[in-house]
Each structure stands twice: as C-alpha cells, then as structure tokens.
$ cat entry_10.cif   # mmCIF, N, CA and C atoms
data_entry
#
loop_
_atom_site.label_atom_id
_atom_site.label_comp_id
_atom_site.auth_asym_id
_atom_site.auth_seq_id
_atom_site.Cartn_x
_atom_site.Cartn_y
_atom_site.Cartn_z
N MET A 1 118.53 133.04 78.42
CA MET A 1 119.04 132.23 77.32
C MET A 1 119.00 133.05 76.03
N ASP A 2 119.95 132.73 75.19
CA ASP A 2 120.02 133.36 73.88
C ASP A 2 119.20 132.53 72.90
N LYS A 3 119.01 133.07 71.71
CA LYS A 3 118.28 132.34 70.67
C LYS A 3 119.14 132.22 69.42
N VAL A 4 119.10 131.03 68.84
CA VAL A 4 119.67 130.80 67.53
C VAL A 4 118.47 130.54 66.63
N PHE A 5 118.44 131.20 65.47
CA PHE A 5 117.25 131.03 64.64
C PHE A 5 117.60 130.75 63.19
N ILE A 6 116.66 130.13 62.52
CA ILE A 6 116.70 129.87 61.09
C ILE A 6 115.40 130.44 60.54
N SER A 7 115.49 131.25 59.51
CA SER A 7 114.30 131.90 58.99
C SER A 7 114.06 131.50 57.54
N GLN A 8 112.83 131.07 57.27
CA GLN A 8 112.38 130.77 55.91
C GLN A 8 113.25 129.71 55.22
N LEU A 9 113.58 128.65 55.95
CA LEU A 9 114.30 127.52 55.36
C LEU A 9 113.36 126.82 54.38
N HIS A 10 113.74 126.81 53.11
CA HIS A 10 112.89 126.29 52.06
C HIS A 10 113.19 124.81 51.83
N VAL A 11 112.12 124.00 51.84
CA VAL A 11 112.23 122.57 51.59
C VAL A 11 111.15 122.18 50.58
N GLU A 12 111.55 121.45 49.57
CA GLU A 12 110.61 120.89 48.60
C GLU A 12 110.40 119.43 48.96
N THR A 13 109.15 119.05 49.25
CA THR A 13 108.88 117.69 49.69
C THR A 13 107.46 117.27 49.35
N ILE A 14 107.21 115.99 49.47
CA ILE A 14 105.86 115.45 49.30
C ILE A 14 105.19 115.50 50.67
N ILE A 15 104.07 116.18 50.77
CA ILE A 15 103.32 116.25 52.02
C ILE A 15 101.87 116.56 51.70
N GLY A 16 100.96 115.92 52.40
CA GLY A 16 99.55 116.22 52.21
C GLY A 16 98.66 115.02 52.36
N VAL A 17 97.41 115.30 52.57
CA VAL A 17 96.38 114.28 52.79
C VAL A 17 95.76 113.83 51.47
N TYR A 18 95.64 114.74 50.53
CA TYR A 18 94.91 114.45 49.30
C TYR A 18 95.81 113.79 48.27
N ASP A 19 95.20 112.98 47.40
CA ASP A 19 95.95 112.24 46.39
C ASP A 19 96.79 113.16 45.50
N PHE A 20 96.23 114.30 45.09
CA PHE A 20 96.98 115.20 44.22
C PHE A 20 98.22 115.75 44.92
N GLU A 21 98.18 115.88 46.25
CA GLU A 21 99.34 116.38 47.00
C GLU A 21 100.46 115.33 47.07
N LYS A 22 100.09 114.09 46.94
CA LYS A 22 101.06 113.00 47.06
C LYS A 22 101.79 112.72 45.74
N LYS A 23 101.42 113.46 44.69
CA LYS A 23 102.01 113.22 43.37
C LYS A 23 103.13 114.18 43.01
N SER A 24 103.23 115.31 43.69
CA SER A 24 104.29 116.25 43.36
C SER A 24 104.76 117.00 44.62
N LYS A 25 105.99 117.43 44.56
CA LYS A 25 106.57 118.14 45.70
C LYS A 25 105.92 119.51 45.87
N GLN A 26 105.87 119.93 47.14
CA GLN A 26 105.36 121.24 47.49
C GLN A 26 106.41 121.97 48.32
N SER A 27 106.33 123.28 48.31
CA SER A 27 107.25 124.08 49.10
C SER A 27 106.75 124.20 50.53
N LEU A 28 107.68 124.02 51.45
CA LEU A 28 107.46 124.31 52.86
C LEU A 28 108.53 125.32 53.28
N TYR A 29 108.17 126.21 54.20
CA TYR A 29 109.12 127.18 54.73
C TYR A 29 109.12 127.06 56.25
N PHE A 30 110.31 126.86 56.80
CA PHE A 30 110.47 126.66 58.24
C PHE A 30 111.12 127.87 58.88
N ASP A 31 110.54 128.30 60.00
CA ASP A 31 111.16 129.28 60.90
C ASP A 31 111.40 128.51 62.19
N ILE A 32 112.65 128.48 62.63
CA ILE A 32 113.03 127.69 63.79
C ILE A 32 113.80 128.58 64.76
N GLU A 33 113.39 128.56 66.03
CA GLU A 33 114.11 129.26 67.09
C GLU A 33 114.52 128.24 68.14
N MET A 34 115.79 128.29 68.54
CA MET A 34 116.31 127.36 69.53
C MET A 34 117.00 128.15 70.63
N LEU A 35 116.69 127.82 71.88
CA LEU A 35 117.37 128.47 72.99
C LEU A 35 118.77 127.88 73.13
N SER A 36 119.72 128.75 73.43
CA SER A 36 121.11 128.31 73.56
C SER A 36 121.90 129.37 74.32
N ASN A 37 122.90 128.94 75.04
CA ASN A 37 123.84 129.86 75.65
C ASN A 37 124.99 130.03 74.66
N ILE A 38 125.04 131.15 73.97
CA ILE A 38 126.07 131.34 72.94
C ILE A 38 127.40 131.82 73.50
N LYS A 39 127.43 132.15 74.77
CA LYS A 39 128.63 132.75 75.36
C LYS A 39 129.89 131.88 75.21
N PRO A 40 129.85 130.57 75.51
CA PRO A 40 131.08 129.76 75.35
C PRO A 40 131.61 129.76 73.91
N ALA A 41 130.72 129.64 72.93
CA ALA A 41 131.14 129.67 71.53
C ALA A 41 131.73 131.03 71.17
N ALA A 42 131.08 132.09 71.65
CA ALA A 42 131.54 133.45 71.35
C ALA A 42 132.90 133.74 71.99
N GLN A 43 133.07 133.34 73.25
CA GLN A 43 134.33 133.60 73.95
C GLN A 43 135.50 132.85 73.33
N ASN A 44 135.24 131.66 72.81
CA ASN A 44 136.31 130.83 72.25
C ASN A 44 136.36 130.87 70.73
N ASP A 45 135.41 131.56 70.11
CA ASP A 45 135.31 131.63 68.65
C ASP A 45 135.38 130.22 68.06
N ASP A 46 134.55 129.32 68.63
CA ASP A 46 134.62 127.89 68.31
C ASP A 46 133.25 127.36 67.90
N ILE A 47 133.12 126.95 66.65
CA ILE A 47 131.86 126.41 66.14
C ILE A 47 131.44 125.15 66.89
N ASN A 48 132.39 124.40 67.42
CA ASN A 48 132.07 123.17 68.15
C ASN A 48 131.34 123.44 69.46
N LEU A 49 131.39 124.68 69.92
CA LEU A 49 130.69 125.06 71.15
C LEU A 49 129.36 125.77 70.83
N ALA A 50 129.06 125.92 69.56
CA ALA A 50 127.86 126.64 69.14
C ALA A 50 126.75 125.67 68.76
N LEU A 51 125.53 126.17 68.80
CA LEU A 51 124.41 125.45 68.22
C LEU A 51 124.48 125.77 66.73
N ASP A 52 124.91 124.83 65.94
CA ASP A 52 125.25 125.04 64.54
C ASP A 52 123.99 125.06 63.67
N TYR A 53 123.56 126.25 63.29
CA TYR A 53 122.33 126.37 62.50
C TYR A 53 122.44 125.73 61.13
N ALA A 54 123.66 125.62 60.59
CA ALA A 54 123.83 124.94 59.30
C ALA A 54 123.53 123.45 59.44
N LYS A 55 124.01 122.85 60.52
CA LYS A 55 123.74 121.42 60.74
C LYS A 55 122.27 121.18 61.05
N VAL A 56 121.66 122.07 61.80
CA VAL A 56 120.22 121.94 62.07
C VAL A 56 119.45 122.03 60.76
N SER A 57 119.80 122.99 59.92
CA SER A 57 119.13 123.15 58.63
C SER A 57 119.26 121.89 57.78
N GLU A 58 120.46 121.34 57.70
CA GLU A 58 120.69 120.11 56.93
C GLU A 58 119.83 118.97 57.45
N ARG A 59 119.74 118.86 58.78
CA ARG A 59 118.96 117.77 59.40
C ARG A 59 117.48 117.95 59.12
N VAL A 60 116.97 119.17 59.17
CA VAL A 60 115.56 119.44 58.89
C VAL A 60 115.25 119.08 57.43
N ILE A 61 116.11 119.47 56.52
CA ILE A 61 115.91 119.14 55.10
C ILE A 61 115.95 117.64 54.89
N GLU A 62 116.94 117.00 55.47
CA GLU A 62 117.10 115.55 55.34
C GLU A 62 115.85 114.80 55.82
N HIS A 63 115.39 115.16 57.01
CA HIS A 63 114.23 114.46 57.57
C HIS A 63 112.95 114.78 56.79
N SER A 64 112.78 116.02 56.41
CA SER A 64 111.55 116.44 55.72
C SER A 64 111.39 115.81 54.35
N THR A 65 112.50 115.42 53.75
CA THR A 65 112.44 114.84 52.41
C THR A 65 112.61 113.32 52.39
N ALA A 66 112.92 112.73 53.54
CA ALA A 66 113.22 111.30 53.59
C ALA A 66 111.99 110.41 53.42
N LYS A 67 110.94 110.71 54.16
CA LYS A 67 109.75 109.86 54.14
C LYS A 67 108.51 110.76 54.23
N PRO A 68 107.68 110.76 53.21
CA PRO A 68 106.51 111.64 53.23
C PRO A 68 105.55 111.34 54.39
N VAL A 69 105.00 112.41 54.94
CA VAL A 69 103.92 112.31 55.92
C VAL A 69 102.74 113.10 55.37
N GLU A 70 101.59 112.91 55.97
CA GLU A 70 100.40 113.63 55.49
C GLU A 70 100.23 114.99 56.14
N LEU A 71 100.53 115.09 57.42
CA LEU A 71 100.20 116.31 58.17
C LEU A 71 101.42 117.13 58.55
N LEU A 72 101.29 118.45 58.45
CA LEU A 72 102.32 119.33 58.96
C LEU A 72 102.54 119.10 60.45
N GLU A 73 101.46 118.81 61.16
CA GLU A 73 101.55 118.55 62.60
C GLU A 73 102.50 117.40 62.90
N THR A 74 102.40 116.34 62.11
CA THR A 74 103.27 115.18 62.29
C THR A 74 104.72 115.58 62.04
N LEU A 75 104.96 116.28 60.96
CA LEU A 75 106.32 116.66 60.59
C LEU A 75 106.96 117.56 61.64
N VAL A 76 106.25 118.58 62.13
CA VAL A 76 106.87 119.49 63.10
C VAL A 76 107.12 118.80 64.44
N GLU A 77 106.24 117.88 64.83
CA GLU A 77 106.50 117.12 66.06
C GLU A 77 107.75 116.27 65.92
N GLN A 78 107.90 115.61 64.78
CA GLN A 78 109.10 114.80 64.53
C GLN A 78 110.35 115.67 64.55
N LEU A 79 110.29 116.80 63.89
CA LEU A 79 111.45 117.69 63.83
C LEU A 79 111.80 118.26 65.21
N ALA A 80 110.80 118.60 65.99
CA ALA A 80 111.06 119.11 67.34
C ALA A 80 111.81 118.06 68.16
N GLN A 81 111.38 116.82 68.09
CA GLN A 81 112.06 115.75 68.83
C GLN A 81 113.49 115.57 68.35
N ILE A 82 113.71 115.63 67.06
CA ILE A 82 115.07 115.51 66.51
C ILE A 82 115.96 116.64 67.01
N ILE A 83 115.47 117.86 66.94
CA ILE A 83 116.28 119.02 67.34
C ILE A 83 116.58 118.97 68.84
N LEU A 84 115.58 118.65 69.65
CA LEU A 84 115.80 118.57 71.09
C LEU A 84 116.77 117.45 71.46
N THR A 85 116.70 116.36 70.75
CA THR A 85 117.52 115.19 71.05
C THR A 85 118.94 115.31 70.50
N GLU A 86 119.07 115.76 69.27
CA GLU A 86 120.37 115.73 68.60
C GLU A 86 121.19 117.01 68.77
N PHE A 87 120.56 118.10 69.17
CA PHE A 87 121.26 119.37 69.30
C PHE A 87 121.10 119.87 70.73
N ASN A 88 122.05 120.61 71.19
CA ASN A 88 122.07 121.03 72.57
C ASN A 88 121.19 122.25 72.80
N THR A 89 119.89 122.01 72.81
CA THR A 89 118.94 123.09 73.06
C THR A 89 117.84 122.60 74.00
N PRO A 90 117.48 123.40 74.99
CA PRO A 90 116.42 123.00 75.91
C PRO A 90 115.01 123.29 75.38
N GLN A 91 114.93 124.17 74.35
CA GLN A 91 113.61 124.53 73.81
C GLN A 91 113.73 124.87 72.33
N VAL A 92 112.71 124.45 71.58
CA VAL A 92 112.66 124.77 70.16
C VAL A 92 111.26 125.25 69.81
N THR A 93 111.20 126.26 68.97
CA THR A 93 109.95 126.73 68.37
C THR A 93 110.07 126.50 66.88
N ILE A 94 109.10 125.81 66.32
CA ILE A 94 109.11 125.55 64.88
C ILE A 94 107.80 126.05 64.30
N ARG A 95 107.93 126.85 63.26
CA ARG A 95 106.77 127.33 62.50
C ARG A 95 106.98 126.87 61.06
N VAL A 96 106.02 126.17 60.53
CA VAL A 96 106.11 125.72 59.14
C VAL A 96 104.95 126.31 58.36
N SER A 97 105.27 126.84 57.19
CA SER A 97 104.27 127.43 56.31
C SER A 97 104.18 126.62 55.03
N LYS A 98 102.96 126.47 54.56
CA LYS A 98 102.69 125.72 53.32
C LYS A 98 101.89 126.66 52.41
N PRO A 99 102.59 127.44 51.58
CA PRO A 99 101.93 128.50 50.82
C PRO A 99 100.92 128.04 49.78
N ALA A 100 101.03 126.84 49.26
CA ALA A 100 100.11 126.41 48.20
C ALA A 100 98.88 125.68 48.72
N ALA A 101 98.74 125.57 50.03
CA ALA A 101 97.66 124.75 50.60
C ALA A 101 96.26 125.34 50.41
N VAL A 102 96.13 126.63 50.55
CA VAL A 102 94.82 127.29 50.42
C VAL A 102 95.00 128.44 49.44
N SER A 103 94.36 128.34 48.30
CA SER A 103 94.60 129.32 47.23
C SER A 103 94.23 130.75 47.63
N GLN A 104 93.28 130.91 48.53
CA GLN A 104 92.86 132.25 48.94
C GLN A 104 93.77 132.87 50.01
N ALA A 105 94.71 132.08 50.54
CA ALA A 105 95.61 132.57 51.58
C ALA A 105 97.04 132.64 51.07
N GLN A 106 97.78 133.60 51.57
CA GLN A 106 99.19 133.69 51.20
C GLN A 106 99.92 132.45 51.69
N THR A 107 99.62 132.02 52.90
CA THR A 107 100.21 130.80 53.44
C THR A 107 99.38 130.33 54.62
N VAL A 108 99.52 129.06 54.95
CA VAL A 108 98.93 128.47 56.15
C VAL A 108 100.01 127.64 56.82
N GLY A 109 99.79 127.25 58.05
CA GLY A 109 100.81 126.45 58.70
C GLY A 109 100.52 126.13 60.14
N VAL A 110 101.58 125.69 60.79
CA VAL A 110 101.52 125.23 62.18
C VAL A 110 102.74 125.77 62.91
N GLU A 111 102.55 126.12 64.18
CA GLU A 111 103.68 126.52 65.03
C GLU A 111 103.59 125.79 66.34
N ILE A 112 104.73 125.24 66.79
CA ILE A 112 104.76 124.57 68.08
C ILE A 112 105.98 125.03 68.88
N ILE A 113 105.87 124.90 70.18
CA ILE A 113 107.00 125.13 71.10
C ILE A 113 107.14 123.86 71.92
N ARG A 114 108.35 123.31 71.93
CA ARG A 114 108.60 122.08 72.70
C ARG A 114 109.85 122.27 73.52
N ASN A 115 109.82 121.68 74.74
CA ASN A 115 110.94 121.73 75.67
C ASN A 115 111.49 120.34 75.89
N LYS A 116 112.76 120.25 76.27
CA LYS A 116 113.35 118.95 76.59
C LYS A 116 112.58 118.27 77.70
N ALA A 117 112.12 119.01 78.67
CA ALA A 117 111.38 118.42 79.80
C ALA A 117 110.09 117.73 79.32
N SER A 118 109.47 118.28 78.26
CA SER A 118 108.22 117.70 77.77
C SER A 118 108.45 116.80 76.57
N ALA A 119 109.70 116.57 76.21
CA ALA A 119 110.02 115.78 75.01
C ALA A 119 109.70 114.31 75.17
#
$ encode --input "entry_10.cif" --output "structure tokens"
Amino acid sequence: MDKVFISQLHVETIIGVYDFEKKSKQSLYFDIEMLSNIKPAAQNDDINLALDYAKVSERVIEHSTAKPVELLETLVEQLAQIILTEFNTPQVTIRVSKPAAVSQAQTVGVEIIRNKASA
C-alpha cells in the first residue's frame, strides 16, 4: 500500500484539563499518514479516485475546533474514527503535538495507529 500524508497541520483550538487551558486557544500540530492505493488516481489523473489530503485536512480542522475536549487522546481517537469511516483508507496513523503543554519540552503529544478492522 502507498501512503498519503499530511505533515504539521496547524490547528488553533481549546483543549486541556486545566481551567487556564479552557480559556484560550492553543496550537496543535497534526502529522497524519493514511494507507491508500494511489495507482487508480495516478493512472486516470483524477482527484475523485484519490485520497484527498485537502479534504482530510479540512475535516480534521473542522472537528478539532467544533467542540472542545480535555485530552489529546480523546481527540486523536475521534479523528481516527472519522478518517477511517469517511475516507477510503484501511489504516491511519495520527500524531498530535501540543508545544505549549510543558514549558521545558519543545513539544509533547500522542501517536496512534488505527485500522478499519479495529475501528
């Protein structure tokens, strides 16, 4: 299988457990890899046959900003289910970084791999 990826997708959203985190938006950065057979899209030069990374990006931004959650874990699980369900991919890897979470670290985050079979 081939991979379609999105790197460092920037989203400003409300996320966090602590009261101060719930008062202002924070930056999140998403790295997303999706398995896909790109051959049909490539042979026909047809976006309708491709896993459209622009649409995936729009959906991730839309969901991430729609309703605040407290945990990155919750958000990435929700996003994995959306991508597996709404886009034609059998597997997705999502890594989300939250650079402002720990002042002594450049960034912290969560990474998950989910398959349609385990969805």
$ closest_residue --input "entry_10.cif" --among "A:Glu73, A:Ser64, A:Ala105, A:Phe30" --to "A:Phe5" --atoms "only C-alpha atoms"
A:Phe30
$ residues_around --input "entry_10.cif" --residues "A:Lys67" --least-positions-apart "5" --cutoff "12 Å" --atoms "only C-alpha atoms" --output "JSON, numbers by chain"
{"A": [13, 14, 15, 22, 61, 62, 74, 75, 78]}
$ resolve_selection --input "entry_10.cif" --expression "the PyMOL selection byres ((chain A and resi 81-95) around 5)" --output "PDB file with N, CA and C atoms, keeping the file's coordinate frame"
ATOM      1  N   PHE A  30     110.310 126.860  56.800  1.00  0.00           N
ATOM      2  CA  PHE A  30     110.470 126.660  58.240  1.00  0.00           C
ATOM      3  C   PHE A  30     111.120 127.870  58.880  1.00  0.00           C
ATOM      4  N   ASP A  31     110.540 128.300  60.000  1.00  0.00           N
ATOM      5  CA  ASP A  31     111.160 129.280  60.900  1.00  0.00           C
ATOM      6  C   ASP A  31     111.400 128.510  62.190  1.00  0.00           C
ATOM      7  N   ILE A  32     112.650 128.480  62.630  1.00  0.00           N
ATOM      8  CA  ILE A  32     113.030 127.690  63.790  1.00  0.00           C
ATOM      9  C   ILE A  32     113.800 128.580  64.760  1.00  0.00           C
ATOM     10  N   GLU A  33     113.390 128.560  66.030  1.00  0.00           N
ATOM     11  CA  GLU A  33     114.110 129.260  67.090  1.00  0.00           C
ATOM     12  C   GLU A  33     114.520 128.240  68.140  1.00  0.00           C
ATOM     13  N   MET A  34     115.790 128.290  68.540  1.00  0.00           N
ATOM     14  CA  MET A  34     116.310 127.360  69.530  1.00  0.00           C
ATOM     15  C   MET A  34     117.000 128.150  70.630  1.00  0.00           C
ATOM     16  N   LEU A  35     116.690 127.820  71.880  1.00  0.00           N
ATOM     17  CA  LEU A  35     117.370 128.470  72.990  1.00  0.00           C
ATOM     18  C   LEU A  35     118.770 127.880  73.130  1.00  0.00           C
ATOM     19  N   GLU A  77     106.240 117.880  64.830  1.00  0.00           N
ATOM     20  CA  GLU A  77     106.500 117.120  66.060  1.00  0.00           C
ATOM     21  C   GLU A  77     107.750 116.270  65.920  1.00  0.00           C
ATOM     22  N   GLN A  78     107.900 115.610  64.780  1.00  0.00           N
ATOM     23  CA  GLN A  78     109.100 114.800  64.530  1.00  0.00           C
ATOM     24  C   GLN A  78     110.350 115.670  64.550  1.00  0.00           C
ATOM     25  N   LEU A  79     110.290 116.800  63.890  1.00  0.00           N
ATOM     26  CA  LEU A  79     111.450 117.690  63.830  1.00  0.00           C
ATOM     27  C   LEU A  79     111.800 118.260  65.210  1.00  0.00           C
ATOM     28  N   ALA A  80     110.800 118.600  65.990  1.00  0.00           N
ATOM     29  CA  ALA A  80     111.060 119.110  67.340  1.00  0.00           C
ATOM     30  C   ALA A  80     111.810 118.060  68.160  1.00  0.00           C
ATOM     31  N   VAL A  96     106.020 126.170  60.530  1.00  0.00           N
ATOM     32  CA  VAL A  96     106.110 125.720  59.140  1.00  0.00           C
ATOM     33  C   VAL A  96     104.950 126.310  58.360  1.00  0.00           C
ATOM     34  N   SER A  97     105.270 126.840  57.190  1.00  0.00           N
ATOM     35  CA  SER A  97     104.270 127.430  56.310  1.00  0.00           C
ATOM     36  C   SER A  97     104.180 126.620  55.030  1.00  0.00           C
ATOM     37  N   VAL A 110     101.580 125.690  60.790  1.00  0.00           N
ATOM     38  CA  VAL A 110     101.520 125.230  62.180  1.00  0.00           C
ATOM     39  C   VAL A 110     102.740 125.770  62.910  1.00  0.00           C
ATOM     40  N   GLU A 111     102.550 126.120  64.180  1.00  0.00           N
ATOM     41  CA  GLU A 111     103.680 126.520  65.030  1.00  0.00           C
ATOM     42  C   GLU A 111     103.590 125.790  66.340  1.00  0.00           C
ATOM     43  N   ILE A 112     104.730 125.240  66.790  1.00  0.00           N
ATOM     44  CA  ILE A 112     104.760 124.570  68.080  1.00  0.00           C
ATOM     45  C   ILE A 112     105.980 125.030  68.880  1.00  0.00           C
ATOM     46  N   ILE A 113     105.870 124.900  70.180  1.00  0.00           N
ATOM     47  CA  ILE A 113     107.000 125.130  71.100  1.00  0.00           C
ATOM     48  C   ILE A 113     107.140 123.860  71.920  1.00  0.00           C
ATOM     49  N   ARG A 114     108.350 123.310  71.930  1.00  0.00           N
ATOM     50  CA  ARG A 114     108.600 122.080  72.700  1.00  0.00           C
ATOM     51  C   ARG A 114     109.850 122.270  73.520  1.00  0.00           C
ATOM     52  N   ASN A 115     109.820 121.680  74.740  1.00  0.00           N
ATOM     53  CA  ASN A 115     110.940 121.730  75.670  1.00  0.00           C
ATOM     54  C   ASN A 115     111.490 120.340  75.890  1.00  0.00           C
ATOM     55  N   LYS A 116     112.760 120.250  76.270  1.00  0.00           N
ATOM     56  CA  LYS A 116     113.350 118.950  76.590  1.00  0.00           C
ATOM     57  C   LYS A 116     112.580 118.270  77.700  1.00  0.00           C
TER      58      LYS A 116
END
$ resolve_selection --input "entry_10.cif" --expression "the PyMOL selection byres ((chain A and resi 1) around 6.5)" --output "PyMOL selection string"
chain A and resi 2-3+35-37
$ select_by_dssp --input "entry_10.cif" --residues "chain A" --states "helix (DSSP H, G or I)" --output "compact mmCIF listing (two decimals) with N, CA and C atoms, in the coordinates of the input"
# COMPACT_ATOMS: atom_id res chain seq x y z
N ASP A 19 95.20 112.98 47.40
CA ASP A 19 95.95 112.24 46.39
C ASP A 19 96.79 113.16 45.50
N PHE A 20 96.23 114.30 45.09
CA PHE A 20 96.98 115.20 44.22
C PHE A 20 98.22 115.75 44.92
N GLU A 21 98.18 115.88 46.25
CA GLU A 21 99.34 116.38 47.00
C GLU A 21 100.46 115.33 47.07
N LYS A 22 100.09 114.09 46.94
CA LYS A 22 101.06 113.00 47.06
C LYS A 22 101.79 112.72 45.74
N LYS A 39 127.43 132.15 74.77
CA LYS A 39 128.63 132.75 75.36
C LYS A 39 129.89 131.88 75.21
N PRO A 40 129.85 130.57 75.51
CA PRO A 40 131.08 129.76 75.35
C PRO A 40 131.61 129.76 73.91
N ALA A 41 130.72 129.64 72.93
CA ALA A 41 131.14 129.67 71.53
C ALA A 41 131.73 131.03 71.17
N ALA A 42 131.08 132.09 71.65
CA ALA A 42 131.54 133.45 71.35
C ALA A 42 132.90 133.74 71.99
N GLN A 43 133.07 133.34 73.25
CA GLN A 43 134.33 133.60 73.95
C GLN A 43 135.50 132.85 73.33
N ASN A 44 135.24 131.66 72.81
CA ASN A 44 136.31 130.83 72.25
C ASN A 44 136.36 130.87 70.73
N ILE A 47 133.12 126.95 66.65
CA ILE A 47 131.86 126.41 66.14
C ILE A 47 131.44 125.15 66.89
N ASN A 48 132.39 124.40 67.42
CA ASN A 48 132.07 123.17 68.15
C ASN A 48 131.34 123.44 69.46
N LEU A 49 131.39 124.68 69.92
CA LEU A 49 130.69 125.06 71.15
C LEU A 49 129.36 125.77 70.83
N TYR A 53 123.56 126.25 63.29
CA TYR A 53 122.33 126.37 62.50
C TYR A 53 122.44 125.73 61.13
N ALA A 54 123.66 125.62 60.59
CA ALA A 54 123.83 124.94 59.30
C ALA A 54 123.53 123.45 59.44
N LYS A 55 124.01 122.85 60.52
CA LYS A 55 123.74 121.42 60.74
C LYS A 55 122.27 121.18 61.05
N VAL A 56 121.66 122.07 61.80
CA VAL A 56 120.22 121.94 62.07
C VAL A 56 119.45 122.03 60.76
N SER A 57 119.80 122.99 59.92
CA SER A 57 119.13 123.15 58.63
C SER A 57 119.26 121.89 57.78
N GLU A 58 120.46 121.34 57.70
CA GLU A 58 120.69 120.11 56.93
C GLU A 58 119.83 118.97 57.45
N ARG A 59 119.74 118.86 58.78
CA ARG A 59 118.96 117.77 59.40
C ARG A 59 117.48 117.95 59.12
N VAL A 60 116.97 119.17 59.17
CA VAL A 60 115.56 119.44 58.89
C VAL A 60 115.25 119.08 57.43
N ILE A 61 116.11 119.47 56.52
CA ILE A 61 115.91 119.14 55.10
C ILE A 61 115.95 117.64 54.89
N GLU A 62 116.94 117.00 55.47
CA GLU A 62 117.10 115.55 55.34
C GLU A 62 115.85 114.80 55.82
N HIS A 63 115.39 115.16 57.01
CA HIS A 63 114.23 114.46 57.57
C HIS A 63 112.95 114.78 56.79
N SER A 64 112.78 116.02 56.41
CA SER A 64 111.55 116.44 55.72
C SER A 64 111.39 115.81 54.35
N THR A 65 112.50 115.42 53.75
CA THR A 65 112.44 114.84 52.41
C THR A 65 112.61 113.32 52.39
N ALA A 66 112.92 112.73 53.54
CA ALA A 66 113.22 111.30 53.59
C ALA A 66 111.99 110.41 53.42
N LEU A 72 101.29 118.45 58.45
CA LEU A 72 102.32 119.33 58.96
C LEU A 72 102.54 119.10 60.45
N GLU A 73 101.46 118.81 61.16
CA GLU A 73 101.55 118.55 62.60
C GLU A 73 102.50 117.40 62.90
N THR A 74 102.40 116.34 62.11
CA THR A 74 103.27 115.18 62.29
C THR A 74 104.72 115.58 62.04
N LEU A 75 104.96 116.28 60.96
CA LEU A 75 106.32 116.66 60.59
C LEU A 75 106.96 117.56 61.64
N VAL A 76 106.25 118.58 62.13
CA VAL A 76 106.87 119.49 63.10
C VAL A 76 107.12 118.80 64.44
N GLU A 77 106.24 117.88 64.83
CA GLU A 77 106.50 117.12 66.06
C GLU A 77 107.75 116.27 65.92
N GLN A 78 107.90 115.61 64.78
CA GLN A 78 109.10 114.80 64.53
C GLN A 78 110.35 115.67 64.55
N LEU A 79 110.29 116.80 63.89
CA LEU A 79 111.45 117.69 63.83
C LEU A 79 111.80 118.26 65.21
N ALA A 80 110.80 118.60 65.99
CA ALA A 80 111.06 119.11 67.34
C ALA A 80 111.81 118.06 68.16
N GLN A 81 111.38 116.82 68.09
CA GLN A 81 112.06 115.75 68.83
C GLN A 81 113.49 115.57 68.35
N ILE A 82 113.71 115.63 67.06
CA ILE A 82 115.07 115.51 66.51
C ILE A 82 115.96 116.64 67.01
N ILE A 83 115.47 117.86 66.94
CA ILE A 83 116.28 119.02 67.34
C ILE A 83 116.58 118.97 68.84
N LEU A 84 115.58 118.65 69.65
CA LEU A 84 115.80 118.57 71.09
C LEU A 84 116.77 117.45 71.46
N THR A 85 116.70 116.36 70.75
CA THR A 85 117.52 115.19 71.05
C THR A 85 118.94 115.31 70.50
N GLU A 86 119.07 115.76 69.27
CA GLU A 86 120.37 115.73 68.60
C GLU A 86 121.19 117.01 68.77
N LYS A 116 112.76 120.25 76.27
CA LYS A 116 113.35 118.95 76.59
C LYS A 116 112.58 118.27 77.70
N ALA A 117 112.12 119.01 78.67
CA ALA A 117 111.38 118.42 79.80
C ALA A 117 110.09 117.73 79.32
N SER A 118 109.47 118.28 78.26
CA SER A 118 108.22 117.70 77.77
C SER A 118 108.45 116.80 76.57
$ atom_distance --input "entry_10.cif" --atom1 "atom CA of A:Leu72" --atom2 "atom CA of A:Gly109"
7.3 Å
$ closest_residue --input "entry_10.cif" --among "A:Gln104, A:Glu12, A:Ala41, A:Ile47" --to "A:Leu28" --atoms "only N, CA and C atoms"
A:Glu12
$ select_by_dssp --input "entry_10.cif" --residues "stretch 4-103 of chain A" --states "strand (DSSP E or B)" --output "PyMOL selection string"
chain A and resi 4-13+15+26-36+69+91-98
$ atom_distance --input "entry_10.cif" --atom1 "atom N of A:Glu21" --atom2 "atom C of A:Leu9"
20.4 Å
$ atom_distance --input "entry_10.cif" --atom1 "atom CA of A:Ala42" --atom2 "atom CA of A:Tyr29"
28.6 Å
$ residues_around --input "entry_10.cif" --residues "A:Pro40" --least-positions-apart "4" --cutoff "8 Å" --atoms "only C-alpha atoms" --output "PDB file with N, CA and C atoms, keeping the file's coordinate frame"
ATOM      1  N   ASN A  44     135.240 131.660  72.810  1.00  0.00           N
ATOM      2  CA  ASN A  44     136.310 130.830  72.250  1.00  0.00           C
ATOM      3  C   ASN A  44     136.360 130.870  70.730  1.00  0.00           C
ATOM      4  N   LEU A  49     131.390 124.680  69.920  1.00  0.00           N
ATOM      5  CA  LEU A  49     130.690 125.060  71.150  1.00  0.00           C
ATOM      6  C   LEU A  49     129.360 125.770  70.830  1.00  0.00           C
ATOM      7  N   ALA A  50     129.060 125.920  69.560  1.00  0.00           N
ATOM      8  CA  ALA A  50     127.860 126.640  69.140  1.00  0.00           C
ATOM      9  C   ALA A  50     126.750 125.670  68.760  1.00  0.00           C
TER      10      ALA A  50
END
